[in-house]
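Shown below: final21.cif, with mmCIF, C-alpha atoms.
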data_protein
loop_
_atom_site.label_atom_id
_atom_site.label_comp_id
_atom_site.auth_asym_id
_atom_site.auth_seq_id
_atom_site.Cartn_x
_atom_site.Cartn_y
_atom_site.Cartn_z
CA MET A 1 25.84 -56.89 18.56
CA ARG A 2 24.66 -56.39 22.07
CA SER A 3 21.09 -55.28 22.60
CA SER A 4 22.27 -52.17 24.44
CA ARG A 5 24.06 -51.17 21.24
CA TRP A 6 20.79 -51.30 19.35
CA LEU A 7 19.20 -49.26 22.05
CA PHE A 8 21.83 -46.53 21.63
CA ILE A 9 21.31 -46.58 17.88
CA LEU A 10 17.58 -46.21 18.33
CA ILE A 11 18.07 -43.36 20.77
CA ALA A 12 20.46 -41.67 18.34
CA LEU A 13 17.91 -42.01 15.55
CA VAL A 14 15.11 -40.53 17.63
CA ALA A 15 17.37 -37.76 18.92
CA GLY A 16 18.49 -36.98 15.38
CA ILE A 17 14.95 -36.80 14.11
CA GLY A 18 14.02 -34.59 17.03
CA LEU A 19 16.98 -32.28 16.38
CA GLY A 20 16.14 -32.12 12.69
CA LEU A 21 12.51 -31.30 13.36
CA ALA A 22 13.40 -28.67 15.93
CA TYR A 23 15.84 -27.04 13.57
CA GLY A 24 13.52 -27.22 10.58
CA TRP A 25 10.42 -26.03 12.37
CA PHE A 26 11.67 -23.55 14.92
CA ILE A 27 15.25 -22.47 14.30
CA GLU A 28 15.29 -22.22 10.53
CA PRO A 29 11.74 -22.76 9.33
CA VAL A 30 10.83 -22.67 5.69
CA GLU A 31 10.33 -19.11 4.52
CA PHE A 32 7.15 -18.73 2.60
CA PHE A 33 6.32 -16.09 0.05
CA ASP A 34 3.46 -15.41 -2.32
CA LEU A 35 1.04 -16.03 0.49
CA THR A 36 -2.63 -15.19 0.60
CA PRO A 37 -3.98 -12.65 3.06
CA ASP A 38 -5.90 -15.24 5.05
CA THR A 39 -2.54 -16.34 6.44
CA LEU A 40 -1.81 -12.92 7.90
CA ARG A 41 -1.31 -12.55 11.60
CA ALA A 42 -4.46 -11.50 13.43
CA ASP A 43 -3.26 -7.96 14.14
CA TYR A 44 -2.47 -7.36 10.48
CA LYS A 45 -5.89 -8.68 9.55
CA ALA A 46 -7.53 -6.39 12.07
CA ASP A 47 -5.59 -3.45 10.74
CA TYR A 48 -6.70 -4.32 7.22
CA VAL A 49 -10.31 -4.44 8.42
CA LEU A 50 -9.74 -1.02 9.96
CA MET A 51 -8.46 0.26 6.62
CA ALA A 52 -11.59 -1.02 4.94
CA ALA A 53 -13.67 0.61 7.64
CA GLU A 54 -11.91 3.93 7.25
CA ALA A 55 -12.46 3.84 3.52
CA TYR A 56 -16.07 2.75 3.96
CA ARG A 57 -16.78 5.70 6.21
CA ALA A 58 -15.88 8.01 3.33
CA GLU A 59 -17.10 5.97 0.39
CA GLN A 60 -20.31 4.48 1.80
CA ASP A 61 -20.02 1.70 -0.72
CA PRO A 62 -20.74 -1.63 0.99
CA GLY A 63 -20.04 -3.61 -2.17
CA LEU A 64 -16.57 -2.18 -2.44
CA ALA A 65 -15.96 -2.73 1.26
CA ALA A 66 -17.10 -6.33 0.91
CA ARG A 67 -14.72 -6.88 -2.00
CA ARG A 68 -11.89 -5.47 0.07
CA LEU A 69 -12.71 -7.78 2.96
CA ALA A 70 -13.09 -10.78 0.70
CA ILE A 71 -9.34 -11.14 0.29
CA LEU A 72 -9.10 -12.13 3.93
CA GLY A 73 -10.81 -15.44 3.37
CA SER A 74 -13.84 -17.28 2.15
CA ARG A 75 -16.08 -16.38 5.06
CA SER A 76 -18.75 -13.73 4.74
CA PRO A 77 -17.56 -10.12 4.82
CA SER A 78 -19.59 -9.53 7.96
CA ALA A 79 -17.85 -12.42 9.72
CA ILE A 80 -14.44 -11.12 8.67
CA ALA A 81 -15.31 -7.63 9.85
CA ALA A 82 -16.72 -9.00 13.10
CA GLU A 83 -13.51 -10.87 13.74
CA GLY A 84 -11.58 -7.65 13.23
CA LEU A 85 -13.92 -5.88 15.60
CA GLU A 86 -13.41 -8.54 18.25
CA PHE A 87 -9.65 -8.25 17.93
CA ALA A 88 -9.85 -4.48 18.11
CA ARG A 89 -11.90 -4.60 21.28
CA GLU A 90 -9.65 -7.15 22.93
CA ASN A 91 -6.47 -5.32 22.04
CA GLY A 92 -7.27 -1.80 23.04
CA PHE A 93 -7.85 -0.10 19.73
CA ALA A 94 -8.96 3.49 20.03
CA ASP A 95 -12.68 3.97 20.47
CA SER A 96 -12.84 5.92 17.25
CA ASP A 97 -11.38 2.95 15.39
CA ILE A 98 -13.75 0.54 17.07
CA VAL A 99 -16.66 2.73 16.06
CA LEU A 100 -15.46 2.69 12.47
CA ILE A 101 -15.17 -1.09 12.43
CA GLN A 102 -18.54 -1.41 14.14
CA GLU A 103 -20.08 0.67 11.37
CA LEU A 104 -18.47 -1.61 8.82
CA VAL A 105 -19.77 -4.71 10.58
CA THR A 106 -23.26 -3.26 10.62
CA ALA A 107 -23.03 -2.36 6.96
CA MET A 108 -21.78 -5.80 6.03
CA GLN A 109 -24.55 -7.48 7.99
CA ALA A 110 -27.09 -5.37 6.17
CA TRP A 111 -25.46 -5.75 2.79
CA SER A 112 -27.26 -8.23 0.60
CA GLY A 113 -24.56 -8.58 -1.98
CA ILE A 114 -26.72 -6.90 -4.55
CA GLY A 115 -26.24 -3.43 -5.87
CA PRO A 116 -23.44 -1.04 -5.17
CA MET B 1 40.87 -49.36 23.44
CA ARG B 2 37.27 -48.67 22.71
CA ARG B 3 36.14 -48.28 19.13
CA PHE B 4 34.58 -44.92 18.15
CA PRO B 5 30.79 -45.39 17.83
CA TRP B 6 30.52 -44.53 14.16
CA ASP B 7 27.28 -46.41 13.82
CA ILE B 8 25.61 -44.28 16.46
CA LEU B 9 26.97 -41.07 14.97
CA LEU B 10 25.80 -42.02 11.50
CA THR B 11 22.39 -42.93 12.86
CA LEU B 12 22.19 -39.58 14.58
CA LEU B 13 23.06 -37.77 11.35
CA ALA B 14 20.56 -39.85 9.44
CA GLY B 15 17.94 -38.94 12.01
CA ILE B 16 18.76 -35.25 11.65
CA GLY B 17 18.43 -35.60 7.90
CA LEU B 18 15.09 -37.32 8.23
CA GLY B 19 13.88 -34.66 10.63
CA LEU B 20 14.95 -31.83 8.34
CA ALA B 21 13.38 -33.48 5.33
CA TYR B 22 10.12 -33.80 7.18
CA ALA B 23 10.24 -30.26 8.59
CA TRP B 24 11.27 -28.54 5.37
CA THR B 25 9.53 -30.50 2.65
CA ILE B 26 6.92 -32.94 3.89
CA SER B 27 5.30 -30.90 6.61
CA PRO B 28 6.71 -27.39 6.91
CA TRP B 29 5.50 -25.32 9.79
CA ARG B 30 1.99 -24.23 8.99
CA VAL B 31 1.79 -20.64 7.87
CA LEU B 32 -0.68 -18.90 10.13
CA ASP B 33 0.97 -15.72 11.22
CA SER B 34 2.56 -14.31 8.13
CA ASP B 35 3.53 -10.72 7.53
CA PRO B 36 2.25 -8.54 4.69
CA VAL B 37 5.71 -8.57 3.15
CA ALA B 38 5.18 -12.23 2.29
CA LEU B 39 1.97 -11.64 0.36
CA ARG B 40 1.66 -12.44 -3.29
CA ALA B 41 2.13 -9.44 -5.56
CA ASP B 42 -1.54 -9.09 -6.48
CA PHE B 43 -2.56 -9.17 -2.84
CA LYS B 44 0.07 -6.56 -2.09
CA ASP B 45 -1.60 -4.44 -4.75
CA GLN B 46 -4.92 -4.83 -2.99
CA PHE B 47 -3.28 -4.00 0.30
CA ARG B 48 -1.84 -0.83 -1.24
CA SER B 49 -5.22 0.10 -2.70
CA ALA B 50 -6.83 -0.27 0.71
CA ILE B 51 -4.11 1.87 2.27
CA ALA B 52 -4.65 4.53 -0.38
CA ALA B 53 -8.43 4.47 0.08
CA SER B 54 -7.97 4.72 3.82
CA PHE B 55 -5.57 7.61 3.38
CA GLN B 56 -8.03 9.42 1.19
CA ALA B 57 -10.67 8.97 3.85
CA THR B 58 -8.60 9.94 6.88
CA GLY B 59 -5.66 11.95 5.62
CA ASN B 60 -3.53 10.14 8.17
CA LEU B 61 -0.19 10.06 6.41
CA PRO B 62 1.95 8.61 9.24
CA ARG B 63 -0.41 5.70 9.59
CA SER B 64 -0.39 5.14 5.84
CA GLN B 65 3.39 5.24 5.81
CA ALA B 66 3.54 2.66 8.57
CA ARG B 67 1.17 0.42 6.71
CA LEU B 68 3.06 0.76 3.46
CA SER B 69 6.31 -0.09 5.20
CA LEU B 70 4.81 -3.47 6.09
CA LEU B 71 4.82 -4.40 2.43
CA GLY B 72 8.59 -4.17 2.25
CA ASP B 73 8.76 -2.23 -1.00
CA SER B 74 12.25 -0.96 -1.66
CA ASP B 75 10.81 2.20 -3.19
CA THR B 76 7.34 2.93 -1.92
CA ASP B 77 6.72 5.83 -4.28
CA ALA B 78 7.70 3.75 -7.27
CA ALA B 79 5.49 0.90 -6.13
CA LEU B 80 2.51 3.23 -5.73
CA ASN B 81 3.11 4.96 -9.05
CA SER B 82 3.63 1.68 -10.85
CA GLN B 83 0.43 0.29 -9.46
CA ALA B 84 -1.40 3.50 -10.37
CA GLN B 85 -0.24 3.08 -13.94
CA ARG B 86 -1.46 -0.49 -14.05
CA MET B 87 -4.82 0.53 -12.68
CA ILE B 88 -5.15 3.34 -15.18
CA ALA B 89 -4.44 0.85 -17.91
CA ARG B 90 -7.24 -1.33 -16.53
CA GLY B 91 -9.59 1.63 -16.34
CA GLU B 92 -9.69 1.71 -12.53
CA PHE B 93 -9.32 5.45 -12.36
CA THR B 94 -10.67 6.02 -8.87
CA GLN B 95 -8.20 3.68 -7.25
CA ALA B 96 -5.43 5.00 -9.45
CA ASP B 97 -6.26 8.51 -8.28
CA GLN B 98 -6.09 7.39 -4.66
CA LEU B 99 -2.74 5.72 -5.18
CA ALA B 100 -1.36 8.72 -7.01
CA ALA B 101 -2.61 11.03 -4.28
CA LEU B 102 -0.91 8.92 -1.64
CA ALA B 103 2.31 8.83 -3.64
CA MET B 104 2.15 12.57 -4.02
CA ALA B 105 1.50 13.06 -0.33
CA LEU B 106 4.49 10.89 0.50
CA GLU B 107 6.70 12.90 -1.79
CA ASN B 108 5.40 16.18 -0.41
CA GLU B 109 5.60 14.86 3.10
CA ASN B 110 5.64 18.31 4.61
CA VAL B 111 2.13 18.93 3.49
CA PRO B 112 2.23 22.49 2.23
CA SER B 113 -1.42 23.23 2.55
CA ALA B 114 -3.68 21.66 5.04
CA VAL B 115 -7.17 22.24 6.20
CA THR B 116 -7.60 21.89 9.91
CA THR B 117 -10.66 20.15 11.11
CA ASN B 118 -11.58 19.29 14.63
CA THR B 119 -11.64 15.54 14.53
CA SER B 120 -12.67 14.46 17.95
CA GLU B 121 -14.87 12.03 16.06
CA GLY B 122 -12.87 11.40 12.95
CA ALA B 123 -9.35 11.25 14.31
CA VAL B 124 -7.94 7.82 13.87
CA ALA B 125 -5.64 6.29 16.39
CA VAL B 126 -4.67 2.76 17.12
CA GLY B 127 -4.54 1.88 20.73
CA PRO B 128 -6.49 2.42 23.88
CA GLU B 129 -8.07 5.75 24.49
CA SER B 130 -7.20 7.71 27.50
CA SER B 131 -10.03 8.17 29.88
CA GLU B 132 -8.95 11.61 30.91
CA THR B 133 -10.38 14.56 29.13
CA VAL B 134 -7.82 16.66 27.43
CA PRO B 135 -9.05 20.02 26.24
CA ALA B 136 -8.64 20.77 22.59
CA PRO B 137 -5.89 23.25 21.87
CA PRO B 138 -7.01 26.82 21.51
CA GLU B 139 -7.29 28.05 17.98
CA GLU B 140 -4.67 30.74 18.37
CA LEU B 141 -1.95 28.19 18.89
CA PRO B 142 0.15 27.56 15.81
CA PHE B 143 -1.03 24.68 13.76
CA GLU B 144 0.96 21.56 14.39
CA LEU B 145 0.91 18.23 12.69
CA THR B 146 0.30 15.57 15.27
CA GLN B 147 1.20 12.03 14.62
CA THR B 148 -1.33 9.62 15.91
CA PRO B 149 -0.06 6.53 17.66
CA GLU B 150 1.27 4.23 15.11
CA ILE B 151 1.70 0.65 14.36
CA LEU B 152 5.39 0.26 14.01
CA GLU B 153 8.59 1.06 15.69
CA PRO B 154 11.18 2.45 13.34
CA PRO B 155 12.91 -0.46 11.71
CA THR B 156 16.33 -1.31 13.01
CA ASP B 157 18.79 -4.00 12.25
CA GLU B 158 17.80 -5.83 15.39
CA THR B 159 14.09 -5.44 14.82
CA PRO B 160 13.08 -6.41 11.32
CA ILE B 161 10.10 -4.41 10.22
CA VAL B 162 8.08 -7.45 9.41
CA GLU B 163 8.31 -8.63 12.96
CA THR B 164 6.77 -5.52 14.38
CA PRO B 165 3.10 -5.98 15.13
CA PRO B 166 0.84 -3.38 13.60
CA VAL B 167 -0.94 -2.69 16.83
CA VAL B 168 0.53 -1.43 20.04
CA VAL B 169 -1.32 -0.85 23.20
CA ASN B 170 0.55 1.97 24.83
CA PRO B 171 -0.16 5.16 22.92
CA THR B 172 -2.07 7.98 24.48
CA PRO B 173 -4.46 9.33 21.93
CA ARG B 174 -5.91 12.71 22.56
CA PRO B 175 -8.10 15.11 20.70
CA THR B 176 -6.03 16.64 17.99
CA TRP B 177 -6.29 19.05 15.19
CA THR B 178 -5.78 16.68 12.35
CA PRO B 179 -4.58 18.05 9.04
CA VAL B 180 -6.39 16.94 5.98
CA PRO B 181 -3.74 16.95 3.27
CA THR B 182 -4.55 18.24 -0.11
CA PHE B 183 -2.71 17.41 -3.28
CA GLY B 184 -0.41 20.30 -2.51
CA ALA B 185 -0.16 23.62 -4.21
CA PRO B 186 -1.78 24.00 -7.61
CA PHE B 187 0.38 23.15 -10.57
CA SER B 188 1.87 26.06 -12.41
CA LEU B 189 2.26 26.11 -16.14
CA ILE B 190 6.00 26.66 -16.31
CA ALA B 191 6.55 26.08 -20.01
CA GLN B 192 4.57 26.07 -23.23
CA ASP B 193 6.55 25.14 -26.30
CA THR B 194 5.71 24.69 -29.93
CA VAL B 195 6.97 21.40 -31.25
CA CYS B 196 7.75 21.06 -34.93
CA ASP B 197 8.90 17.48 -35.21
CA THR B 198 7.98 15.24 -38.10
CA THR B 199 8.75 12.12 -36.08
CA ILE B 200 5.78 12.54 -33.77
CA PRO B 201 2.12 12.46 -34.71
CA GLU B 202 0.71 15.67 -36.10
CA GLY B 203 -1.15 17.93 -33.70
CA LEU B 204 0.22 16.18 -30.64
CA LEU B 205 -0.45 17.99 -27.40
CA GLN B 206 2.12 16.76 -24.91
CA VAL B 207 1.79 17.33 -21.19
CA LEU B 208 4.41 16.79 -18.52
CA VAL B 209 3.47 17.06 -14.85
CA PHE B 210 6.04 17.42 -12.08
CA ASN B 211 5.64 17.79 -8.36
CA ALA B 212 7.52 20.26 -6.23
CA ASN B 213 10.51 17.91 -6.07
CA ARG B 214 10.78 17.77 -9.86
CA ARG B 215 9.57 14.22 -9.88
CA GLN B 216 7.07 13.23 -12.51
CA VAL B 217 3.56 12.69 -11.26
CA THR B 218 1.77 9.53 -12.29
CA GLY B 219 -1.97 9.32 -12.57
CA ALA B 220 -2.58 13.04 -12.75
CA LYS B 221 -5.87 13.66 -14.49
CA ILE B 222 -5.69 16.15 -17.34
CA ILE B 223 -8.82 17.83 -18.59
CA VAL B 224 -8.84 19.24 -22.08
CA SER B 225 -11.83 21.07 -23.45
CA TRP B 226 -12.79 22.75 -26.65
CA GLU B 227 -15.83 24.55 -27.94
CA ASN B 228 -18.12 21.58 -28.16
CA GLY B 229 -16.51 19.01 -26.02
CA GLU B 230 -14.24 17.87 -23.25
CA ASP B 231 -11.95 14.92 -22.71
CA GLN B 232 -9.87 13.57 -19.88
CA PHE B 233 -6.64 11.67 -19.91
CA PHE B 234 -4.00 10.68 -17.41
CA THR B 235 -0.29 10.88 -17.02
CA GLY B 236 1.61 7.64 -16.73
CA LEU B 237 0.08 5.66 -19.55
CA LYS B 238 3.33 5.86 -21.50
CA PRO B 239 5.94 5.13 -18.86
CA GLU B 240 8.53 4.58 -21.56
CA ILE B 241 8.36 8.33 -22.18
CA GLY B 242 7.83 9.39 -18.60
CA ASN B 243 5.68 8.67 -15.58
CA GLY B 244 4.36 12.20 -15.69
CA TYR B 245 3.78 12.25 -19.42
CA ALA B 246 0.46 12.31 -21.23
CA ASP B 247 -0.60 13.34 -24.70
CA PHE B 248 -3.64 14.16 -26.75
CA VAL B 249 -4.05 14.64 -30.49
CA MET B 250 -5.46 18.00 -31.46
CA SER B 251 -7.59 18.56 -34.50
CA PRO B 252 -6.58 21.32 -36.91
CA SER B 253 -8.05 24.75 -36.32
CA VAL B 254 -9.65 23.82 -33.01
CA THR B 255 -8.83 25.88 -29.94
CA TYR B 256 -8.27 23.92 -26.76
CA THR B 257 -8.07 24.71 -23.10
CA LEU B 258 -6.19 22.42 -20.77
CA ARG B 259 -5.71 22.09 -17.03
CA VAL B 260 -4.60 19.55 -14.44
CA ALA B 261 -7.68 18.32 -12.62
CA ALA B 262 -6.04 18.50 -9.20
CA GLY B 263 -5.70 22.23 -9.66
CA SER B 264 -3.46 24.17 -11.97
CA ASP B 265 -3.01 27.15 -14.19
CA ILE B 266 -5.23 26.95 -17.24
CA ALA B 267 -3.51 26.76 -20.59
CA GLU B 268 -5.79 28.58 -22.97
CA GLY B 269 -5.86 29.19 -26.68
CA LEU B 270 -4.05 26.03 -27.63
CA ILE B 271 -4.11 25.57 -31.40
CA ALA B 272 -1.98 23.11 -33.29
CA PRO B 273 0.64 25.25 -35.05
CA THR B 274 1.53 24.97 -38.67
CA CYS B 275 5.15 23.97 -39.19
CA GLN B 276 7.30 23.38 -42.22
CA THR B 277 9.51 20.48 -43.10
CA PRO B 278 13.08 21.23 -44.27
CA SER B 279 11.80 20.90 -47.80
CA GLY B 280 9.19 23.57 -47.15
CA GLU B 281 6.11 21.41 -46.91
CA PRO B 282 3.64 22.44 -44.22
CA PHE B 283 2.56 20.03 -41.52
CA LEU B 284 0.67 20.23 -38.28
CA GLY B 285 2.97 20.72 -35.32
CA GLY B 286 2.37 20.07 -31.67
CA ILE B 287 2.48 21.79 -28.33
CA LYS B 288 4.31 20.74 -25.20
CA LEU B 289 3.06 21.95 -21.85
CA THR B 290 4.96 21.52 -18.60
CA PHE B 291 3.22 21.83 -15.26
CA GLN B 292 4.97 21.84 -11.92
CA GLN B 293 4.01 22.41 -8.33
CA PRO B 294 5.79 25.44 -6.92
#

Just give me the structure as structure tokens.
Amino acid sequence: MRSSRWLFILIALVAGIGLGLAYGWFIEPVEFFDLTPDTLRADYKADYVLMAAEAYRAEQDPGLAARRLAILGSRSPSAIAAEGLEFARENGFADSDIVLIQELVTAMQAWSGIGP
Amino acid sequence: MRRFPWDILLTLLAGIGLGLAYAWTISPWRVLDSDPVALRADFKDQFRSAIAASFQATGNLPRSQARLSLLGDSDTDAALNSQAQRMIARGEFTQADQLAALAMALENENVPSAVTTNTSEGAVAVGPESSETVPAPPEELPFELTQTPEILEPPTDETPIVETPPVVVNPTPRPTWTPVPTFGAPFSLIAQDTVCDTTIPEGLLQVLVFNANRRQVTGAKIIVSWENGEDQFFTGLKPEIGNGYADFVMSPSVTYTLRVAAGSDIAEGLIAPTCQTPSGEPFLGGIKLTFQQP
């Protein structure tokens, strides 16, 4: 077999792998389910932080707020809330929402993890 | 005549197969930007609880609806009520109450009674705030529900709901008179029946709670009191009988008073009646109370 033939075969193999990867990653990627909240898109996470902040404003229970935030990952609740605050600021959330999240961040920074 | 390059074609197909195997099984695209609809069921429950707690705090029903729609429940009310039942069973009454209140608010979407509060501070809106000052509407204007800017576009065939980001940047929030929904009108006692049935426990006080749409209400707190005591129980703990069903066993010769905690008529003077079996033997009967929102 001529060497150019082998070259074509090699090119076909690489092209095939490339096509397969493109199809499997971008065109028809694996659909996941039963995911954990830390995989959520950033805007969904920020909205969840806002929910926790709205509830915290009424409940004034930092422990409960921290438990709510904890589902978003293993970082500290204050870090999770701060990330939500940063997203909210960068993406034009209403000032009233930013204030709520800021209050939550402050509460989480002050919260020791002990007590209510 | 040139031979068809089968070897190259087969190599190409083999390459595609290898690529797909790698992309689908060995190293699928890393999940970083998932949608709430893809969450595990227990995390969806926590998401719903947070939505309900937020709703209780803000009274912002459109926003809560938008958030609930992200979870992709085929029947949002049923999902909320079902979760409320599970939480009641686990003794998490506060969260169950919040879920039930949200379910009730969704069912009574045209909130019948609302308290208006000026919420220049408390109004919740996603999106940038307008810099211009818009005067608050005068009080003599008719009250109007205003929907704050929301997360989602209405789902269409072309735009799957899970693809819609929960934050948009083009609304124009303004000071509004935001309604704070209540649980709706107080429940009316529409029926009080004596039950003489030997197949149910003696002295059983049965309560059925319906909303204005004749749908049973889960998680409604019932308060029953008597001369020296008081007890509370909830609808929905026996879903096999009904989501709005609850019961309580009365003692003989004790007079009870019962009401729905969210606000209702008071059923007074409830005493377990004395019934007779077909053979003439006396036994303690029960009472069935039916409450409904008008």

Care to translate the PyMOL selection byres ((chain B) within 6 of (chain A)) into actual residues of this file, as a PyMOL selection string? chain B and resi 8+11-12+15-16+18-20+23-24+29+32-35+38-40+53-54+57+125-129

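When all atoms listed in the file are used to measure the gap to Gly263 of chain B, the shortest distance among B:Ala52, B:Leu99, B:Ile222, B:Leu70 belongs to B:Ile222.
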
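This file, queried with the PyMOL selection byres ((chain B and resi 289) around 7), gives the residues Ala191, Gln192, Asp193, Gln206, Val207, Leu208, Ile287, Lys288, Thr290 and Phe291 of chain B.
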
Atom CA of Asp75 of chain B sits from atom CA of Gly91 of chain B at a separation of 24.3 Å

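Distance-wise, atom CA of Ser279 of chain B and atom CA of Pro201 of chain B end up 18.3 Å apart.
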
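Interatomic distance, atom CA of Tyr256 of chain B to atom CA of Arg215 of chain B: 26.4 Å.
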
Can you list what the PyMOL selection byres ((chain B and resi 232) around 9) grabs from this structure, as an NGL selection string? :B and (221-225 or 230-231 or 233-234 or 261)

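Proximity ranking of B:Glu202, B:Asp97, B:Gly229, B:Pro282 relative to Asp247 of chain B places B:Glu202 first, based on all atoms listed in the file.
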
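Shell of Ala70 of chain A at 10 Å, with all atoms listed in the file counted and residues fewer than 5 places along the chain excluded, is Pro37, Asp38, Leu64, Ala65, Arg75, Ser76, Pro77, Ser78, Ile80 and Ala81 of chain A.
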
Do you know which residues are at most 8 Å from Gln293 of chain B counting all atoms listed in the file, after dropping those on the same chain fewer than 6 positions away, and could you put them as a PyMOL selection string? chain B and resi 184-188+210-212

Considering all atoms listed in the file, return as a PyMOL selection string whatever protein or nucleic-acid residues lie within 10 Å of Ala110 of chain A, sequence-local ones (same chain, fewer than 4 positions apart) excluded. chain A and resi 62+78+104-106
